[in-house]
Amino acid sequence: MTAHTARVAFNPFDAEFRRDPYPHYRQLRETRPVHRTLGMWVLTRYADVRGVLHDRTFSAALIPRQVSAQAERLGQSDMTLIDRLGRTSLVFTDNPEHARLRALVNRAFTTQQIDGLRPLITAAATRLLEQARRKSRVDIIADFAAPLPIAVLCEWMALPEDLRARIGPWTHDIRFLLEPGLMTAHDLARVHTVVTAFTGALRPIIDQRRAAPGQDLISALLTSYTLGGNALTDDEVMLLTIMCFVAGLETTKSLIGNALLALLRHPEQSELLRAHPELTRAAVAETLRYDPPLQLTKRLATRDIELEDRLIRARDQVLLCLAAANRDPDVFDRPDNFDLTRAPADHLAFGHGMHGCLGAPLAALQAEIALDVLHRHTTEIRLTTTDFDWQQHSFILRGLTRLPITLRGNG
């Protein structure tokens, strides 16, 4: 190993990495694609990352275990509700429980049902854009990208108006559970308070929908049965409802923001999209490859396995750099170029295998409609800053906290 190679290691705490991780990912792929640091193995090549995602002997149940361990270290004893939330999440369950939950939830997230949300999403995006344009200064994150997925999920779930304003802040606090090593005792106590309040608000809604199901998502989950008569319990529906927000808000917001920023920083691609609106779906797919909201995910090895002549032992943690894999030149031609005409290829922004993101079609559809509404109702979108503020509360997510722009035409 050369001295240069030894110096390159995954370091998410570095300020330059937070600003632009992609040169660092490239160095890692080229020099140390499989290496151990910060108590875990870090993988950056497409083949390795995809291989682990596909391999069911790597457990996805690591995060709930880490939450419990962190709570014990911090002296937090009342973790029953938080533990149940983690163990009900599709993201953090292994088979056979994962297969049971997935079979039931899939029945509420069919392609037909997601596509049927187009009018709802379009109406919400149009309304938010109209409201934003009345302001002298538009922050497309706060005014448009952040409230859109909240509005869509709340409407699909038919949640009461008095609850909707609390969803965003509650979800932001619960997201700390996804990175338990960063949580303080205060964070854990706050999450416990929020989850208690969230479940308390949802319980009467669950009871009401159980008695009189409607056409909403919660009713669909409550009335979902497998051929064997298996069904979700009320508590499972309640906790899955919370996880829909945890998994869907920040990622969709960041996808919309990252897509718009990529287009504005590549004006030739933005002009191409205006001339050919049929490329909107391609713009979303290319954003997911080029600058995905979910950058990293973890697995736990359950058996010894060799990668790059390195022995990953059972019980070792493995960090999968999805964003690095999405720019692997062995898979993607000119990977650092943002190109709407790129030939379709399987990016890993939504994961792969049995834990592939259930809400991926909904997130992509919201981003597609958001871009379409923005471009149909304007003749020009222009950045008003070159200093971009990337969120700092999470290491696994990449998204903007603000994006000031000006909107012109088609008012």
# chains A, B, ... in the order shown; residues from 1 in each chain; ligands from 1
>>> residues_around(residues="stretch 126-136 of chain A", least_positions_apart="5", cutoff="7 Å", atoms="only C-alpha atoms", output="ChimeraX atom specification")
/A:143-144,373
>>> residues_around(residues="A:Gly257", least_positions_apart="2", cutoff="12 Å", atoms="only C-alpha atoms", output="PyMOL selection string")
chain A and resi 139-146+148+250-255+259-264+284+287-288+291-293+366-368+370-371+374+388-391+398-405
>>> write_last_selection(atoms="C-alpha atoms", output="PDB file, in the first residue's frame")
ATOM      1  CA  ASP A 139     -36.665  29.776  -1.315  1.00  0.00           C
ATOM      2  CA  ILE A 140     -37.676  26.798  -3.411  1.00  0.00           C
ATOM      3  CA  ILE A 141     -36.810  24.392  -0.582  1.00  0.00           C
ATOM      4  CA  ALA A 142     -38.889  25.983   2.182  1.00  0.00           C
ATOM      5  CA  ASP A 143     -41.644  27.243  -0.115  1.00  0.00           C
ATOM      6  CA  PHE A 144     -42.031  24.286  -2.454  1.00  0.00           C
ATOM      7  CA  ALA A 145     -39.841  21.168  -2.107  1.00  0.00           C
ATOM      8  CA  ALA A 146     -40.349  20.676   1.656  1.00  0.00           C
ATOM      9  CA  LEU A 148     -44.994  19.190  -1.191  1.00  0.00           C
ATOM     10  CA  GLU A 250     -36.592  14.477   3.677  1.00  0.00           C
ATOM     11  CA  THR A 251     -35.672  12.267   0.727  1.00  0.00           C
ATOM     12  CA  THR A 252     -38.352  13.669  -1.595  1.00  0.00           C
ATOM     13  CA  LYS A 253     -37.597  17.238  -0.561  1.00  0.00           C
ATOM     14  CA  SER A 254     -33.902  16.671  -1.237  1.00  0.00           C
ATOM     15  CA  LEU A 255     -34.564  14.940  -4.553  1.00  0.00           C
ATOM     16  CA  ALA A 259     -32.689  18.040  -9.300  1.00  0.00           C
ATOM     17  CA  LEU A 260     -33.405  21.738  -9.644  1.00  0.00           C
ATOM     18  CA  LEU A 261     -29.894  22.693  -8.552  1.00  0.00           C
ATOM     19  CA  ALA A 262     -28.332  20.257 -11.028  1.00  0.00           C
ATOM     20  CA  LEU A 263     -30.434  21.716 -13.847  1.00  0.00           C
ATOM     21  CA  LEU A 264     -29.594  25.308 -12.901  1.00  0.00           C
ATOM     22  CA  VAL A 284     -35.352  12.777 -12.143  1.00  0.00           C
ATOM     23  CA  THR A 287     -30.549  13.267 -10.504  1.00  0.00           C
ATOM     24  CA  LEU A 288     -30.988  10.047  -8.554  1.00  0.00           C
ATOM     25  CA  ASP A 291     -26.686  13.435  -6.730  1.00  0.00           C
ATOM     26  CA  PRO A 292     -28.973  11.088  -4.763  1.00  0.00           C
ATOM     27  CA  PRO A 293     -30.619  12.196  -1.504  1.00  0.00           C
ATOM     28  CA  GLN A 366     -43.505  13.861  -6.972  1.00  0.00           C
ATOM     29  CA  ALA A 367     -40.136  15.090  -8.260  1.00  0.00           C
ATOM     30  CA  GLU A 368     -41.248  14.603 -11.864  1.00  0.00           C
ATOM     31  CA  ALA A 370     -42.621  19.247  -9.317  1.00  0.00           C
ATOM     32  CA  LEU A 371     -40.143  19.863 -12.162  1.00  0.00           C
ATOM     33  CA  LEU A 374     -42.026  24.624 -12.270  1.00  0.00           C
ATOM     34  CA  PHE A 388     -25.168  26.537  -1.246  1.00  0.00           C
ATOM     35  CA  ASP A 389     -26.178  25.435   2.246  1.00  0.00           C
ATOM     36  CA  TRP A 390     -26.156  21.649   2.555  1.00  0.00           C
ATOM     37  CA  GLN A 391     -27.948  20.165   5.540  1.00  0.00           C
ATOM     38  CA  ARG A 398     -27.572  14.983   1.021  1.00  0.00           C
ATOM     39  CA  GLY A 399     -29.918  17.887   0.473  1.00  0.00           C
ATOM     40  CA  LEU A 400     -30.108  21.653   0.524  1.00  0.00           C
ATOM     41  CA  THR A 401     -31.446  23.605   3.488  1.00  0.00           C
ATOM     42  CA  ARG A 402     -32.261  26.547   1.236  1.00  0.00           C
ATOM     43  CA  LEU A 403     -32.156  27.417  -2.466  1.00  0.00           C
ATOM     44  CA  PRO A 404     -33.043  31.043  -3.251  1.00  0.00           C
ATOM     45  CA  ILE A 405     -34.197  31.567  -6.853  1.00  0.00           C
TER      46      ILE A 405
END
>>> residues_around(residues="A:Glu286", least_positions_apart="2", cutoff="7 Å", atoms="only C-alpha atoms", output="ChimeraX atom specification")
/A:282-284,288-290,338-340
>>> write_last_selection(atoms="N, CA and C atoms", output="short mmCIF file (atom, residue, chain, number, x, y, z; two decimals), in the first residue's frame")
data_model
loop_
_atom_site.label_atom_id
_atom_site.label_comp_id
_atom_site.auth_asym_id
_atom_site.auth_seq_id
_atom_site.Cartn_x
_atom_site.Cartn_y
_atom_site.Cartn_z
N ALA A 282 -36.61 11.52 -17.18
CA ALA A 282 -35.17 11.25 -17.31
C ALA A 282 -34.36 12.17 -16.41
N ALA A 283 -34.83 13.42 -16.24
CA ALA A 283 -34.13 14.36 -15.37
C ALA A 283 -34.15 13.88 -13.92
N VAL A 284 -35.27 13.31 -13.50
CA VAL A 284 -35.35 12.78 -12.14
C VAL A 284 -34.44 11.56 -11.99
N LEU A 288 -31.14 11.15 -9.50
CA LEU A 288 -30.99 10.05 -8.55
C LEU A 288 -29.63 9.36 -8.72
N ARG A 289 -29.14 9.29 -9.93
CA ARG A 289 -27.81 8.73 -10.15
C ARG A 289 -26.72 9.73 -9.79
N TYR A 290 -26.88 10.95 -10.23
CA TYR A 290 -25.83 11.98 -10.16
C TYR A 290 -25.66 12.55 -8.75
N PHE A 338 -23.73 15.45 -15.80
CA PHE A 338 -25.18 15.43 -15.63
C PHE A 338 -25.80 15.49 -17.02
N ASP A 339 -26.43 14.40 -17.44
CA ASP A 339 -26.83 14.25 -18.84
C ASP A 339 -28.22 13.61 -18.93
N LEU A 340 -29.22 14.39 -19.34
CA LEU A 340 -30.59 13.89 -19.42
C LEU A 340 -30.77 12.86 -20.53
#
>>> residues_around(residues="stretch 61-67 of chain A", least_positions_apart="3", cutoff="6 Å", atoms="only C-alpha atoms", output="ChimeraX atom specification")
/A:70,86,92-93,180
>>> write_last_selection(atoms="N, CA, C and O atoms", output="PDB file, in the first residue's frame")
ATOM      1  N   GLN A  70     -27.276   2.508  22.036  1.00  0.00           N
ATOM      2  CA  GLN A  70     -27.022   3.913  22.375  1.00  0.00           C
ATOM      3  C   GLN A  70     -27.892   4.347  23.554  1.00  0.00           C
ATOM      4  O   GLN A  70     -27.425   5.070  24.441  1.00  0.00           O
ATOM      5  N   GLY A  86     -38.784   0.852  15.157  1.00  0.00           N
ATOM      6  CA  GLY A  86     -37.687   0.364  14.323  1.00  0.00           C
ATOM      7  C   GLY A  86     -37.928  -1.019  13.796  1.00  0.00           C
ATOM      8  O   GLY A  86     -37.634  -1.323  12.631  1.00  0.00           O
ATOM      9  N   PHE A  92     -35.690  -1.890   8.136  1.00  0.00           N
ATOM     10  CA  PHE A  92     -34.827  -2.471   9.162  1.00  0.00           C
ATOM     11  C   PHE A  92     -35.283  -3.856   9.605  1.00  0.00           C
ATOM     12  O   PHE A  92     -34.997  -4.270  10.721  1.00  0.00           O
ATOM     13  N   THR A  93     -35.984  -4.582   8.751  1.00  0.00           N
ATOM     14  CA  THR A  93     -36.400  -5.935   9.100  1.00  0.00           C
ATOM     15  C   THR A  93     -35.795  -6.940   8.125  1.00  0.00           C
ATOM     16  O   THR A  93     -35.581  -6.635   6.956  1.00  0.00           O
ATOM     17  N   PRO A 180     -28.073   6.553  14.993  1.00  0.00           N
ATOM     18  CA  PRO A 180     -28.072   6.498  16.458  1.00  0.00           C
ATOM     19  C   PRO A 180     -26.758   6.873  17.106  1.00  0.00           C
ATOM     20  O   PRO A 180     -26.740   7.382  18.229  1.00  0.00           O
TER      21      PRO A 180
END
>>> residues_around(residues="A:Arg84", least_positions_apart="5", cutoff="12 Å", atoms="only C-alpha atoms", output="NGL selection string")
:A and (64-65 or 67-68 or 78-79 or 89 or 92-93 or 192 or 195-196 or 199 or 235-240 or 242-243)
>>> write_last_selection(atoms="C-alpha atoms", output="PDB file, in the first residue's frame")
ATOM      1  CA  PRO A  64     -32.633  -0.713  15.727  1.00  0.00           C
ATOM      2  CA  ARG A  65     -29.888  -2.631  17.535  1.00  0.00           C
ATOM      3  CA  VAL A  67     -30.512   2.600  18.852  1.00  0.00           C
ATOM      4  CA  SER A  68     -31.012   0.194  21.760  1.00  0.00           C
ATOM      5  CA  ASP A  78     -38.050   3.590  28.317  1.00  0.00           C
ATOM      6  CA  MET A  79     -37.404   2.458  24.737  1.00  0.00           C
ATOM      7  CA  SER A  89     -39.993  -0.584   9.582  1.00  0.00           C
ATOM      8  CA  PHE A  92     -34.827  -2.471   9.162  1.00  0.00           C
ATOM      9  CA  THR A  93     -36.400  -5.935   9.100  1.00  0.00           C
ATOM     10  CA  HIS A 192     -39.420   9.454  22.713  1.00  0.00           C
ATOM     11  CA  VAL A 195     -43.118   9.285  18.951  1.00  0.00           C
ATOM     12  CA  THR A 196     -45.454   9.185  21.954  1.00  0.00           C
ATOM     13  CA  THR A 199     -48.830   7.646  18.065  1.00  0.00           C
ATOM     14  CA  ASP A 235     -50.264  -0.836  16.013  1.00  0.00           C
ATOM     15  CA  GLU A 236     -48.344  -1.942  12.914  1.00  0.00           C
ATOM     16  CA  VAL A 237     -50.412   0.368  10.703  1.00  0.00           C
ATOM     17  CA  MET A 238     -49.837   3.228  13.125  1.00  0.00           C
ATOM     18  CA  LEU A 239     -46.056   2.721  13.176  1.00  0.00           C
ATOM     19  CA  LEU A 240     -45.865   2.130   9.411  1.00  0.00           C
ATOM     20  CA  ILE A 242     -45.054   7.219  10.910  1.00  0.00           C
ATOM     21  CA  MET A 243     -42.292   5.523   8.919  1.00  0.00           C
TER      22      MET A 243
END
>>> atom_distance(atom1="atom CA of A:Ala158", atom2="atom CA of A:Asp216")
6.0 Å
